[in-house]
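Content type PDB, C-alpha atoms, pLDDT in the B column, from the file entry05.pdb:
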```
ATOM      1  CA  MET A   1       0.000   0.000   0.000  1.00 91.00           C
ATOM      2  CA  TRP A   2       1.317   3.461  -0.913  1.00 92.00           C
ATOM      3  CA  ILE A   3       0.377   6.602   1.015  1.00 90.00           C
ATOM      4  CA  LEU A   4       0.483  10.247  -0.091  1.00 88.00           C
ATOM      5  CA  ASP A   5       2.506  11.818   2.737  1.00 87.00           C
ATOM      6  CA  ASP A   6       1.186  15.371   2.766  1.00 82.00           C
ATOM      7  CA  ALA A   7       2.625  15.908   6.275  1.00 82.00           C
ATOM      8  CA  ASP A   8       6.128  15.969   4.721  1.00 80.00           C
ATOM      9  CA  SER A   9       5.120  18.073   1.708  1.00 80.00           C
ATOM     10  CA  PRO A  10       7.165  21.252   1.255  1.00 76.00           C
ATOM     11  CA  ALA A  11       5.368  24.295   2.650  1.00 69.00           C
ATOM     12  CA  THR A  12       6.370  26.355  -0.395  1.00 59.00           C
ATOM     13  CA  ALA A  13       4.936  23.848  -2.882  1.00 59.00           C
ATOM     14  CA  PRO A  14       2.015  21.939  -1.337  1.00 62.00           C
ATOM     15  CA  ALA A  15       1.123  20.492  -4.725  1.00 82.00           C
ATOM     16  CA  TYR A  16       4.108  18.132  -4.381  1.00 87.00           C
ATOM     17  CA  PHE A  17       4.290  15.284  -1.902  1.00 90.00           C
ATOM     18  CA  PRO A  18       6.320  12.163  -1.102  1.00 91.00           C
ATOM     19  CA  ILE A  19       4.686   8.778  -1.675  1.00 93.00           C
ATOM     20  CA  VAL A  20       5.629   6.416   1.157  1.00 93.00           C
ATOM     21  CA  SER A  21       5.162   2.709   1.717  1.00 93.00           C
ATOM     22  CA  GLY A  22       2.589   1.613   4.260  1.00 91.00           C
ATOM     23  CA  SER A  23       4.043  -1.904   4.464  1.00 90.00           C
ATOM     24  CA  THR A  24       6.224  -1.230   7.538  1.00 85.00           C
ATOM     25  CA  THR A  25       5.674   0.396  10.915  1.00 85.00           C
ATOM     26  CA  ASP A  26       8.682   2.747  10.559  1.00 82.00           C
ATOM     27  CA  VAL A  27       7.043   6.171  10.402  1.00 81.00           C
ATOM     28  CA  VAL A  28      10.252   8.098  11.146  1.00 81.00           C
ATOM     29  CA  ARG A  29      12.172   6.953   8.053  1.00 84.00           C
ATOM     30  CA  PRO A  30       9.660   5.179   5.799  1.00 91.00           C
ATOM     31  CA  PHE A  31      10.457   3.792   2.383  1.00 93.00           C
ATOM     32  CA  ALA A  32       9.406   6.138  -0.407  1.00 93.00           C
ATOM     33  CA  MET A  33       9.219   6.229  -4.202  1.00 94.00           C
ATOM     34  CA  ASP A  34      12.400   7.734  -5.625  1.00 93.00           C
ATOM     35  CA  LEU A  35      13.210   8.630  -9.232  1.00 89.00           C
ATOM     36  CA  PRO A  36      17.009   8.645  -9.780  1.00 84.00           C
ATOM     37  CA  GLN A  37      18.392  11.912 -11.151  1.00 78.00           C
ATOM     38  CA  ASP A  38      19.688  10.292 -14.331  1.00 74.00           C
ATOM     39  CA  GLU A  39      16.236   9.007 -15.366  1.00 69.00           C
ATOM     40  CA  VAL A  40      14.778  10.960 -18.269  1.00 68.00           C
ATOM     41  CA  ALA A  41      11.256  10.539 -19.610  1.00 65.00           C
ATOM     42  CA  SER A  42      11.022   9.709 -23.300  1.00 66.00           C
ATOM     43  CA  ASP A  43       8.717   7.880 -25.681  1.00 68.00           C
ATOM     44  CA  HIS A  44      11.153   4.942 -25.886  1.00 70.00           C
ATOM     45  CA  GLN A  45      12.091   4.431 -22.260  1.00 73.00           C
ATOM     46  CA  ILE A  46      10.079   3.326 -19.251  1.00 77.00           C
ATOM     47  CA  LEU A  47      11.103   5.191 -16.102  1.00 80.00           C
ATOM     48  CA  GLN A  48      12.510   2.994 -13.334  1.00 85.00           C
ATOM     49  CA  ILE A  49      11.133   4.166  -9.999  1.00 88.00           C
ATOM     50  CA  HIS A  50      13.224   2.989  -7.049  1.00 91.00           C
ATOM     51  CA  VAL A  51      12.239   2.509  -3.422  1.00 93.00           C
ATOM     52  CA  ARG A  52      14.499   3.987  -0.739  1.00 93.00           C
ATOM     53  CA  ARG A  53      14.112   5.634   2.637  1.00 92.00           C
ATOM     54  CA  LEU A  54      13.049   9.271   2.732  1.00 89.00           C
ATOM     55  CA  GLN A  55      16.233  11.321   2.350  1.00 87.00           C
ATOM     56  CA  PHE A  56      15.696  14.468   4.410  1.00 86.00           C
ATOM     57  CA  LEU A  57      18.135  17.266   3.580  1.00 86.00           C
ATOM     58  CA  GLY A  58      19.449  19.234   6.560  1.00 80.00           C
ATOM     59  CA  ASP A  59      17.654  20.154   9.747  1.00 73.00           C
ATOM     60  CA  GLU A  60      14.649  21.716   8.012  1.00 73.00           C
ATOM     61  CA  LYS A  61      13.452  18.261   6.860  1.00 76.00           C
ATOM     62  CA  ALA A  62      13.436  19.282   3.199  1.00 84.00           C
ATOM     63  CA  LEU A  63      13.115  16.474   0.658  1.00 88.00           C
ATOM     64  CA  PRO A  64      15.018  16.193  -2.611  1.00 87.00           C
ATOM     65  CA  ASP A  65      13.023  16.749  -5.800  1.00 87.00           C
ATOM     66  CA  ARG A  66      13.543  13.104  -6.794  1.00 90.00           C
ATOM     67  CA  GLN A  67      11.265  12.059  -3.899  1.00 91.00           C
ATOM     68  CA  LEU A  68       8.474  14.556  -4.576  1.00 91.00           C
ATOM     69  CA  TRP A  69       5.526  13.740  -6.797  1.00 90.00           C
ATOM     70  CA  GLY A  70       2.475  15.603  -8.038  1.00 86.00           C
ATOM     71  CA  ALA A  71      -0.877  14.940  -9.619  1.00 80.00           C
ATOM     72  CA  HIS A  72      -3.000  16.627 -12.244  1.00 75.00           C
ATOM     73  CA  PHE A  73      -6.729  16.427 -11.635  1.00 76.00           C
ATOM     74  CA  GLY A  74      -9.398  16.921 -14.239  1.00 81.00           C
ATOM     75  CA  PRO A  75     -10.010  15.705 -17.762  1.00 84.00           C
ATOM     76  CA  TYR A  76      -7.112  14.384 -19.813  1.00 76.00           C
ATOM     77  CA  THR A  77      -6.338  16.316 -22.953  1.00 77.00           C
ATOM     78  CA  SER A  78      -3.827  14.871 -25.375  1.00 71.00           C
ATOM     79  CA  ALA A  79      -1.096  16.970 -26.913  1.00 66.00           C
ATOM     80  CA  PRO A  80      -1.490  17.832 -30.629  1.00 63.00           C
TER      81      PRO A  80
END
```

Before we go any further, please render this structure as structure tokens.
Amino acid sequence: MWILDDADSPATAPAYFPIVSGSTTDVVRPFAMDLPQDEVASDHQILQIHVRRLQFLGDEKALPDRQLWGAHFGPYTSAP
């Protein structure tokens, strides 16, 4: 089970959030979805999402961009 962890969302960008695993009881350093920095989206490549512990940066508990996700709500419109 995966959980949208809005409690650890950045205050400056609440539209982004970590997605953490609900399969363990470790709530201090849970496993989270992580997209390695060298992964690039293209029509010919499937992105490889990794699972690793939340990687807080510094004392302010900031998260790296590779562990933040977002969602677009509403109807899907394809690009021309």

Between A:Gln48, A:Tyr76, A:Tyr16, A:Leu54, which one has atoms that come closest to Phe31 in chain A, using all atoms listed in the file?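 Once distances to Phe31 in chain A are computed over all atoms listed in the file, the minimum belongs to A:Leu54.
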
Env of Asp6 in chain A: 9 Å cut, atoms = all atoms listed in the file, seq-sep filter 5 positions within chain, self excluded. Answer as a ChimeraX atom specification. /A:14,16-19

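Taking CA of Asp8 in chain A and CA of Pro36 in chain A as endpoints, the distance between them is 19.6 Å.
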
Long-range neighbours of range 59-72 of chain A as a ChimeraX atom specification, 10 Å cut-off, only C-alpha atoms, 3 positions minimum in chain: /A:4-5,8-11,14-20,32-37,39,49-56,75-76

Residues proximal to (-2.3, 0.6, 0.9) were defined as those with any atom within 12 Å of that point in the file's coordinates, counting all atoms listed in the file. Which are they, as a list in words?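 Those within range, by chain then number, are Met1, Trp2, Ile3, Leu4, Ile19, Val20, Ser21, Gly22, Ser23 and Thr24 of chain A.
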
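The closest residue to Ala7 in chain A, picked from A:Val27, A:Ile46, A:Leu57, A:Ser78 and counting all atoms listed in the file, is A:Val27.
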
Final N, CA and C atoms of range 59-75 of chain A as a CSV table (one decimal), in the coordinates of the input:
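File written: out_35.csv
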```
chain,number,residue,atom,x,y,z
A,59,ASP,N,18.5,20.1,8.6
A,59,ASP,CA,17.7,20.2,9.7
A,59,ASP,C,16.2,20.6,9.5
A,60,GLU,N,16.0,21.2,8.3
A,60,GLU,CA,14.6,21.7,8.0
A,60,GLU,C,13.7,20.6,7.4
A,61,LYS,N,14.2,19.4,7.4
A,61,LYS,CA,13.5,18.3,6.9
A,61,LYS,C,13.0,18.5,5.4
A,62,ALA,N,13.8,19.1,4.6
A,62,ALA,CA,13.4,19.3,3.2
A,62,ALA,C,13.7,18.0,2.5
A,63,LEU,N,12.9,17.7,1.4
A,63,LEU,CA,13.1,16.5,0.7
A,63,LEU,C,13.7,16.8,-0.7
A,64,PRO,N,14.5,15.9,-1.3
A,64,PRO,CA,15.0,16.2,-2.6
A,64,PRO,C,13.9,16.1,-3.6
A,65,ASP,N,14.0,16.8,-4.7
A,65,ASP,CA,13.0,16.7,-5.8
A,65,ASP,C,12.7,15.3,-6.3
A,66,ARG,N,13.7,14.5,-6.3
A,66,ARG,CA,13.5,13.1,-6.8
A,66,ARG,C,12.6,12.3,-6.0
A,67,GLN,N,12.2,12.8,-4.7
A,67,GLN,CA,11.3,12.1,-3.9
A,67,GLN,C,9.9,12.8,-3.8
A,68,LEU,N,9.7,13.8,-4.6
A,68,LEU,CA,8.5,14.6,-4.6
A,68,LEU,C,7.7,14.3,-5.8
A,69,TRP,N,6.4,14.1,-5.7
A,69,TRP,CA,5.5,13.7,-6.8
A,69,TRP,C,4.4,14.7,-6.8
A,70,GLY,N,3.6,14.7,-7.9
A,70,GLY,CA,2.5,15.6,-8.0
A,70,GLY,C,1.4,14.9,-8.8
A,71,ALA,N,0.3,15.5,-8.9
A,71,ALA,CA,-0.9,14.9,-9.6
A,71,ALA,C,-1.6,16.1,-10.3
A,72,HIS,N,-2.2,15.7,-11.5
A,72,HIS,CA,-3.0,16.6,-12.2
A,72,HIS,C,-4.4,16.1,-12.2
A,73,PHE,N,-5.3,16.9,-11.7
A,73,PHE,CA,-6.7,16.4,-11.6
A,73,PHE,C,-7.6,17.1,-12.7
A,74,GLY,N,-8.5,16.4,-13.2
A,74,GLY,CA,-9.4,16.9,-14.2
A,74,GLY,C,-9.3,16.1,-15.5
A,75,PRO,N,-10.0,16.5,-16.5
A,75,PRO,CA,-10.0,15.7,-17.8
A,75,PRO,C,-8.6,15.7,-18.4
```
